[in-house]
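Report on one structure; see the data block that follows.
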Amino acid sequence: MRPLFAGVCLLDNPFPIDGIYDYRIPEELDGDVVPGAFVTVPFGITNQRRLALVCEVRETSKYQELKAVLSVCPDQISLDGEMLGLCSFMKLRTLCSTGDAVRAMIPASALSRLRSVFSLSPHHILNDSDELSSSDLFVYEYLKAHGEAEMQTLRERFGAGVELRLKRMCARGYLQKRVILKGASEGLIRRIWELAVSQDEARELLNDFYDGKAGKALTSSAQKNVVECLLHTEESLTASELCEKADVTEAPIKTLLKKNILRYRDLRVDRNPYASAPFVGQTPITLNDEQSAAADQLSALAFSGEPKAALLHGVTGSGKTSVMTVLMDRLLEKGRGVILLLPEIALTPQSVSIFCARYGERVSVIHSGLSAGERYDAFRRIREGLSDVVIGTRSAVFAPVKNLGAIIIDEEQEHTYKSDQNPKYHARDIARYRCNHHKALMLLASATPCLESYRKAKEGIYSLIRLTKRYGGAVLPRVEIADMREESGKGNLSPLGEKLARELCRVAEADEQAILFLNRRGYNHFLSCRSCGGAVTCPSCSVAMTYHTRKGTYREGDMVCHWCGRRMPLPKECPSCKSEHLARMGFGTQRVEEELGELLPQSRIMRMDTDTTSSKFAYDEMLSSFRAHGSDVLLGTQMVTKGHDFPDVTLVGVLLADASLYLDDYRAAERTFAMLTQVIGRAGRSEKKGMAVIQTNNPDSEIIRLAAAQDYETFYEREIRLRKLLVFPPFCDIALLTLTGIEEHMLLRASTLLGESVKELAEGEYKDVELVTFGPFEAPVYRVDNRYRMRMVIKCRLQKRTLAMFADLLCSFSKKVGKKLTLSIDFNPSNL
């Protein structure tokens with residue numbers, strides 16, 4: 001008996017109503033409506049056409065009268081059993097909607113989309129007595145002239161406010177709206193023109209130019225030019241290229257098409273910005289004894305036929321990449337695919353150059369810096385089995401690699417692997433699910449693994465594999481801790497201390513390179529009033545604005561908010577007390593860049609932060625330039641601290657090394673240790689000895705001294721004892737509840753209600769769930785872009801009952817507060 005009913009989840013439904021809805025499968029769609037397919041269905045009283053995912057098909061339904069599925073999406077994108085299961089896993093673990101999970105897995109351009117199209121209503125003709133505002137009338141006249149237009153077109157022409165105008169005119173009967181289904185992108189199509197006749201026939205046509213064969217005669221010199229051009233050209237030509245080369249318009253091309261002398265072919269163009277990377281092949285890799293043993297252990301795990309997890313823990317410069325590459329060679333030789341995750345786009349160019357040179361066209365790259373079309377083509381290549389090596393940032397963990405053999409997470413401790421937007425997943429959790437499905441290896445690699453991973457490795461849950469010495473006899477850099485309190489006592493107010501400045505001059509004289517790290521962009525950290533002591537804050541956010549100089553000058557600049565992006569001129573007086581005595585305090589990368597220019601006038605300084613890497617291939621160009629000695633000093637934020645391998649870098653300088661120690665987060669010590677260890681490890685990675693200078697106002701900090709000694713084991717034992725005493729992860733899980741709203745008084749009342757709702761659930765239906773609650777209280781940044789935020793922090797264990805309680809809270813509380821307030825829940829967030 002054929003399935004008669006489909007259970008679907010609508011992609012636009014929010015979590016509280018994101019359930020499975022039953023629909024009848026009409027006979028004409030029999031066999032097309034299968035689990036994982038995307039369909040359109042009527043929804044609600046008005047039967048609005050909506051896009052949905054088929055989760056199951058059945059022979060029965062508990063409902064008597066059901067609406068029918070309208071259509072199956074014409075694209076070839078659907079979810080297989082693994083991805084359908086992963087979708088359910090993400091809904092359960094992150095409390096996201098089905099639509100959020102699907103959009104995380106599949107590029108937006110790969111999905112069919114429903115579009116709203118507006119046109120004039122045939123039942124209402126506008127006359128002089130109708131009262132339409134001038135803004136409404138502009139829209140009406142535009143639709144009258146163009147017949148119909150999509151919402152996106154109208155929004156681009158008339159601005160975001162056009163939505164209210166369209167809604168108002170539809171309600172009054174002036175306009176009508178219909179919803180159409182647009183298929184998924186099929187990629188970039190290139191139309192190629194060629195001869196439809198043989199070369200001999202073409203020559204005969206040219207010879208008989210004036211009295212040729214009836215029906216196929218060349219009747220103009222332009223037609224003759226086109227035929228001659230194609231006859232003597234071996235390359236494929238588009239219409240514009242053919243017109244330029246034959247010096248004609250498109251008219252003769254169309255005429256020759258009608259005469260069957262020309263024809264065209266549509267070719268799909270593969271948009272791959274890394275296709276031109278030089279291919280070398282799988283050259284032999286020389287491993288030392290420690291690396292060989294590590295590669296053998298990992299290979300045994302990968303080919304065990306069972307899902308496995310391992311932690312590759314090696315000091316900076318120990319050759320972890322070589323071990324991973326040998327493992328990838330062995331997996332690919334056996335027909336298994338590999339996904340390599342990197343924490344930053346900045347690390348992608350180095351890895352892409354290594355692996356594209358080794359594996360060529362088998363490599364696909366996925367990260368947010370690519371265009372929508374490039375991401376779609378990468379997805380298509382992987383899905384069709386053309387690529388079995390995927391390199392990318394967090395979202396690449398969803399790549400549909402066939403016969404997956406391993407997911408490798410490099411620098412696994414980085415917070416960028418945790419998404420702060422729905423769905424709030426961690427790449428490690430997705431990797432664990434997928435490796436379990438494929439019976440593959442999940443490999444975590446780092447010199448400073450996160451405490452949770454290292455504890456699992458120590459307990460035997462992960463296999464622990466160590467690399468204890470640098471490759472090729474290189475030694476760890478010598479580290480000096482510079483006390484900046486002494487510098488200020490000597491009257492040195494420069495960001496560059498005496499010791500670091502001296503070493504920079506030495507490196508410049510030796511024609512070597514240096515990396516400076518400062519995790520603060522801009523010129524000055526904030527603008528302070530000397531009269532009232534207040535800082536100039538963002539009008540839309542409760543944070544101080546940062547002073548940024550304008551491009552090409554250090555003398556002119558603007559105040560910039562790093563939260564909402566607002567930019568405003570440097571004020572002449574204090575907004576609070578109207579005093580004119582304003583002082584720019586602190587320093588960022590722009591100020592240090594200026595100081596370096598004065599200290600090293602002959603050296604080339606490269607600044608790498610968010611402000612200088614906004615263009616598409618900025619990371620690739622800047623890092624390639626630095627590697628080729630296009631610059632002598634690389635100054636940057638955290639994107640310069642990890643993973644890079646520059647043989648001629650012999651000096652690393654860290655400015656404000658202790659700044660991150662004082663953040664209001666239980667991970668502050670762990671992140672500071674990891675950051676310092678990683679950036680110190682950028683120096684002396686070849687035969688040249690390296691040195692690191694750490695500038696700090698707290699030289700006695702145990703964290704800084706342990707990082708200087710690269711002593712992870714001692715740091716781990718110290719920190720894990722503290723976590724256990726204070727009951728922080730990995731000894732519990734943390735749920736962060738954030739309530740957001742535009743109206744502050746409503747938010748404050750709702751936050752009280754949120755606390756009561758949590759207490760009611762914990763003392764009632766879920767009294768078996770152990771919780772420790774804190775709050776509600778204001779978020780560290782209370783107002784962001786004119787939206788206020790209140791929080792609760794809950795310590796718990798993420799088990800089935802706990803997740804069910806939070807799901808109930810999300811559904812019930814959303815009904816109580818309505819649409820003006822938003823509640824989000826983030827489990828084990830990257831930042832508190």
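Letters A, B, ... mark the chains of the structure tokens in the order given; residue numbers begin at 1 per chain; ligand numbers begin at 1, in order shown.
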
Residues near Leu132 of chain A, cut-off 12 Å, only C-alpha atoms, skip fewer than 4 positions along chain, as a compact mmCIF listing (two decimals) with C-alpha atoms, in the first residue's frame:
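Output contents, as saved in selection.txt:
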```txt
# COMPACT_ATOMS: atom_id res chain seq x y z
CA LEU A 126 -8.10 54.26 -8.64
CA ASN A 127 -10.08 57.46 -9.14
CA ASP A 128 -9.78 61.05 -7.96
CA ASP A 136 1.36 55.00 -1.37
CA LEU A 137 0.68 56.66 -4.71
CA PHE A 138 4.31 56.32 -5.79
CA VAL A 139 4.11 52.53 -5.21
CA TYR A 140 0.74 52.32 -6.97
CA GLU A 141 2.01 54.17 -10.06
CA ARG A 165 2.35 50.51 2.54
CA LEU A 166 1.77 47.30 0.58
CA ARG A 168 -2.29 48.81 3.81
CA MET A 169 -3.12 48.97 0.10
CA ARG A 172 -8.05 48.45 1.15
CA TYR A 174 -6.00 48.55 -4.30
```

From the DSSP assignment of the backbone, select every residue of segment 102-246 of chain A that is strand (DSSP E), and format the answer as a list of chain:residue names.
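Strand (DSSP E) assignments inside segment 102-246 of chain A correspond to A:Arg113, A:Leu114, A:Arg115, A:Ser116, A:Val117, A:Phe118, A:Ser119, A:Leu120, A:Glu148, A:Ala149, A:Glu150, A:Leu175, A:Gln176, A:Lys177, A:Arg178, A:Val179, A:Ile180, A:Leu181, A:Lys182, A:Leu188, A:Ile189, A:Arg190, A:Arg191, A:Ile192, A:Trp193, A:Glu194, A:Leu195.
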
Create the file for the chosen residues now, containing C-alpha atoms and written as a compact mmCIF listing (two decimals), in the first residue's frame.
```
# COMPACT_ATOMS: atom_id res chain seq x y z
CA ARG A 113 12.11 30.12 -2.19
CA LEU A 114 8.59 31.50 -1.94
CA ARG A 115 8.30 35.03 -3.28
CA SER A 116 5.53 37.57 -2.68
CA VAL A 117 4.45 39.29 -5.93
CA PHE A 118 2.24 42.41 -5.93
CA SER A 119 0.08 43.81 -8.73
CA LEU A 120 -2.91 46.12 -9.14
CA GLU A 148 3.81 43.39 -11.08
CA ALA A 149 6.87 43.29 -8.88
CA GLU A 150 8.39 41.11 -6.18
CA LEU A 175 -3.44 45.77 -4.70
CA GLN A 176 -3.43 42.00 -4.76
CA LYS A 177 -0.72 39.66 -3.55
CA ARG A 178 0.17 36.18 -4.72
CA VAL A 179 2.93 33.80 -3.62
CA ILE A 180 5.09 32.07 -6.24
CA LEU A 181 7.68 29.33 -5.89
CA LYS A 182 11.10 30.06 -7.31
CA LEU A 188 26.08 30.14 -13.21
CA ILE A 189 25.21 29.24 -16.80
CA ARG A 190 27.49 30.22 -19.71
CA ARG A 191 25.89 30.05 -23.16
CA ILE A 192 28.41 28.94 -25.79
CA TRP A 193 27.90 29.47 -29.54
CA GLU A 194 29.22 27.07 -32.16
CA LEU A 195 28.69 25.99 -35.75
```

With distances taken over only C-alpha atoms, which residue among A:Val592, A:Gly586, A:Thr537, A:Phe806 lies nearest Arg567 of chain A?
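The shortest atom-to-atom distance to Arg567 of chain A comes from A:Thr537.
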
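Among the candidates A:Lys759, A:Lys458, A:Arg24, A:Lys820, the one nearest to Arg787 of chain A when counting only C-alpha atoms is A:Lys820.
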
Can you tell me how far atom CA of Ser371 of chain A sits from atom CA of Pro423 of chain A, in Å to one decimal?
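Pair atom CA of Ser371 of chain A / atom CA of Pro423 of chain A returns 21.3 Å.
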
Residue contacts of Phe587 of chain A (8 Å, only C-alpha atoms) excluding same-chain residues fewer than 6 positions away, as a JSON list (two decimals) with C-alpha atoms, in the first residue's frame:
```json
[["chain", "number", "residue", "atom", "x", "y", "z"],
["A", 495, "PRO", "CA", 52.25, 51.35, 23.80],
["A", 520, "ARG", "CA", 41.93, 45.92, 20.50],
["A", 522, "GLY", "CA", 40.93, 51.45, 16.63],
["A", 523, "TYR", "CA", 43.21, 54.32, 17.63],
["A", 524, "ASN", "CA", 42.04, 55.19, 21.15],
["A", 525, "HIS", "CA", 39.98, 52.87, 23.33]]
```

Which neighbours of Asp270 of chain A fall inside 9 Å, counting only C-alpha atoms, when residues of the same chain fewer than 4 positions from it are skipped, and could you give them as a PyMOL selection string?
chain A and resi 187-188+374+377-378+381

Please measure the separation of atom CA of Gln152 of chain A and atom CA of Asp420 of chain A, giving the value in Å to one decimal.
27.3 Å
